[in-house]
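A.B. asks: Okay, handing you the structure first.
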Amino acid sequence: MPDLQTSSLSTYILAIESSCDDTSAAVIRDAEVLSNKVANQIVHAQYGGVVPELASRAHMSNIVPVVDAALKEAGIDRQQLSAIAFTQSPGLIGSLMVGASFAKAFAQAANIPLIAVHHMQAHVLAHFITEPRPQFPFLCLTVSGGHTQLVLCHDYLKMEVLGETLDDAAGEAFDKTAKILGLPYPGGPLVDRYAKEGDPHRFKFSTSEMPELNFSFSGLKTSILYFLQKEQKANPNFIQDNRDDICASVQYSIIKMLLTKLIKAAKQTGAKHVGIAGGVSANSGLRAALQETGQKEGWQVYIPDFQYCTDNAAMIAITAWYKYQRGEFATMDIIPSARATWS
Ligand code: KG4
Ligand code: ZN
């Protein structure tokens, strides 16, 4: 193991992210990201969602070229690496296993430490890749395709989940709406695009009110489905005729649900540094609404660069950097886990 106290040389970490349908590799020098490569898997679009077995196979063919590209762009070779990191949980088990197996083999061959990273923790720490960096306590709303969480960060690796979704994630609410509207997967970015042209107050959908700081999006999805089925009976072209207004109204409902709980969490915790993370934080309506709310509430607002919102290995790398400094290394018997439990 490296002598962390006395070494004054730079630390280089190669990080792998393979939890869902993006294969990504990044190289970090201390806290500075040198490269961040992502190979998207287009194979899933024809099925309207991610097919786990196809995702695993695509990771297997992508991982070596993506790692090579990340090392090349960073301008370093394997011998210079101080550690290798990978996403250990949560995610699709087959996809996680590809990244984990690759990282373990690499660590053993290069005789460098292995670092296991929690994907949701990494989404939050994506805020520490670029300036301005949040101060603690930092309240983060993580909204992705698989998760919706309110996280209070007391320190880089000390995080507390204050609330989360009890059913669908915010990203699923976007993707399922898109599917009902006949839009291709993943529909979130398309709903965002059409919403820009629509009226957010034209249609109202019922939403379920969850206790405390938890969320529920399944009621909203059902409300949208029943509303559209009814309208389509009266006018078979209803969706085509009203696409932009439907997207804008759905997006407005989702953002309202998210921000209501975020404001509540900020009041409860007294946090003034507030951010959003995860794939849905790429949503232009949510980004604008957070800025506006932040001004009203007196928050310092943090919104990650687009490349660090959706799944990427740079966020795994920055998390690994904090773990490296604390000597938090994994042993070779570590196995990936599909479950989101925080360690
Ligand atoms: O964090 P992420 O890349 O993967 C997971 O960890 O799940 O998030 C993917 C999710 C998908 O549901 C996708 O539709 C959503 O993020 N998403 C968006 C936008 N860009 C990505 N949702 C709404 N508006 C966007 N612009
Ligand atoms: Zn994610």
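Going through the structure tokens in order, the chains are called A, B, and so on, while each chain numbers its residues from 1 and the ligands are numbered from 1 in the order shown.
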Could you give me, as a tab-separated table, every chain A residue with an atom at most 9 Å from ligand 2, plus its closest atom pair and distance in Å to one decimal, counting only C-alpha atoms and all ligand atoms, rows ordered by chain then number?
C.D. replies:
```
residue	atom	partner	partner_atom_place_in_ligand_line	distance
A:Ser19	CA	ligand 2	1 (Zn)	7.7
A:Cys20	CA	ligand 2	1 (Zn)	7.8
A:Gly91	CA	ligand 2	1 (Zn)	8.6
A:His119	CA	ligand 2	1 (Zn)	6.5
A:Met120	CA	ligand 2	1 (Zn)	6.8
A:Ala122	CA	ligand 2	1 (Zn)	8.5
A:His123	CA	ligand 2	1 (Zn)	6.5
A:Thr142	CA	ligand 2	1 (Zn)	8.8
A:Val143	CA	ligand 2	1 (Zn)	8.2
A:Ser144	CA	ligand 2	1 (Zn)	5.5
A:Gly145	CA	ligand 2	1 (Zn)	6.8
A:Gly146	CA	ligand 2	1 (Zn)	7.2
A:His147	CA	ligand 2	1 (Zn)	7.9
A:Ala277	CA	ligand 2	1 (Zn)	8.8
A:Gly278	CA	ligand 2	1 (Zn)	5.5
A:Gly279	CA	ligand 2	1 (Zn)	6.3
A:Cys309	CA	ligand 2	1 (Zn)	8.0
A:Thr310	CA	ligand 2	1 (Zn)	6.0
A:Asp311	CA	ligand 2	1 (Zn)	4.7
A:Asn312	CA	ligand 2	1 (Zn)	7.9
```
A.B. asks: Identify, with DSSP run on backbone atoms, the residues in range 69-155 of chain A assigned to strand (DSSP E or B), and express the list as a short mmCIF file (atom, residue, chain, number, x, y, z; two decimals) with C-alpha atoms, in the first residue's frame.
C.D. replies:
```
data_model
loop_
_atom_site.label_atom_id
_atom_site.label_comp_id
_atom_site.auth_asym_id
_atom_site.auth_seq_id
_atom_site.Cartn_x
_atom_site.Cartn_y
_atom_site.Cartn_z
CA ALA A 83 -5.22 3.10 -7.60
CA ILE A 84 -8.22 1.86 -9.56
CA ALA A 85 -11.83 2.57 -8.55
CA PHE A 86 -15.15 1.08 -9.65
CA THR A 87 -18.87 1.45 -8.94
CA GLN A 88 -19.75 -1.27 -6.45
CA SER A 89 -23.45 -0.44 -5.93
CA LEU A 114 -8.76 -1.14 -5.31
CA ILE A 115 -11.41 1.41 -4.30
CA ALA A 116 -15.14 0.58 -4.19
CA VAL A 117 -17.51 3.51 -4.76
CA HIS A 118 -21.23 3.97 -4.04
CA PHE A 138 -24.44 20.66 1.84
CA LEU A 139 -27.99 19.60 0.97
CA CYS A 140 -28.26 17.67 -2.30
CA LEU A 141 -31.31 16.47 -4.19
CA THR A 142 -30.17 13.46 -6.23
CA VAL A 143 -32.54 12.70 -9.07
CA THR A 148 -34.62 10.16 -5.86
CA GLN A 149 -32.95 11.14 -2.61
CA LEU A 150 -32.47 14.10 -0.33
CA VAL A 151 -28.97 13.83 1.10
CA LEU A 152 -27.36 15.98 3.77
CA CYS A 153 -23.56 15.96 3.46
CA HIS A 154 -21.72 16.70 6.68
CA ASP A 155 -18.38 15.95 5.00
#
```
A.B. asks: List the neighbours of Ala74 in chain A out to 7 Å using only C-alpha atoms; skip same-chain residues closer than 5 positions along the sequence, and give me the result as a ChimeraX atom specification.
C.D. replies: /A:27,34-35
A.B. asks: Write out the residues from the selection above, keeping N, CA and C atoms, as an mmCIF file, in the first residue's frame.
C.D. replies:
```cif
data_model
loop_
_atom_site.group_PDB
_atom_site.id
_atom_site.type_symbol
_atom_site.label_atom_id
_atom_site.label_comp_id
_atom_site.auth_asym_id
_atom_site.auth_seq_id
_atom_site.Cartn_x
_atom_site.Cartn_y
_atom_site.Cartn_z
ATOM 1 N N VAL A 27 -9.822 9.497 -15.577
ATOM 2 C CA VAL A 27 -8.547 9.536 -14.856
ATOM 3 C C VAL A 27 -8.500 10.853 -14.099
ATOM 4 N N LEU A 34 -8.657 14.548 -15.399
ATOM 5 C CA LEU A 34 -7.855 14.695 -16.619
ATOM 6 C C LEU A 34 -8.604 14.180 -17.840
ATOM 7 N N SER A 35 -9.465 13.182 -17.629
ATOM 8 C CA SER A 35 -10.261 12.668 -18.752
ATOM 9 C C SER A 35 -11.533 12.041 -18.205
#
```
A.B. asks: Distance atom 14 (O, counted along the ligand's line) of ligand 1-CA of Asp192 in chain A, one decimal place?
C.D. replies: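 Atom-to-atom, atom 14 (O, counted along the ligand's line) of ligand 1 to CA of Asp192 in chain A, that is 9.3 Å.
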A.B. asks: For a quick check of understanding, using only C-alpha atoms and all ligand atoms, which of A:Ala45, A:Val280, A:Ala31, A:Ile13 has the smallest distance to ligand 1?
C.D. replies: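 So, comparing all the options, the nearest one is A:Val280.
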A.B. asks: I need the residue nearest ligand 1 from this list: A:Gly48, A:Pro211, A:Gly171, A:Gly298. Use only C-alpha atoms and all ligand atoms for the distance.
C.D. replies: A:Gly171
A.B. asks: Mind pulling up the distance from CA of Ile255 in chain A to CA of Leu220 in chain A?
C.D. replies: 12.1 Å
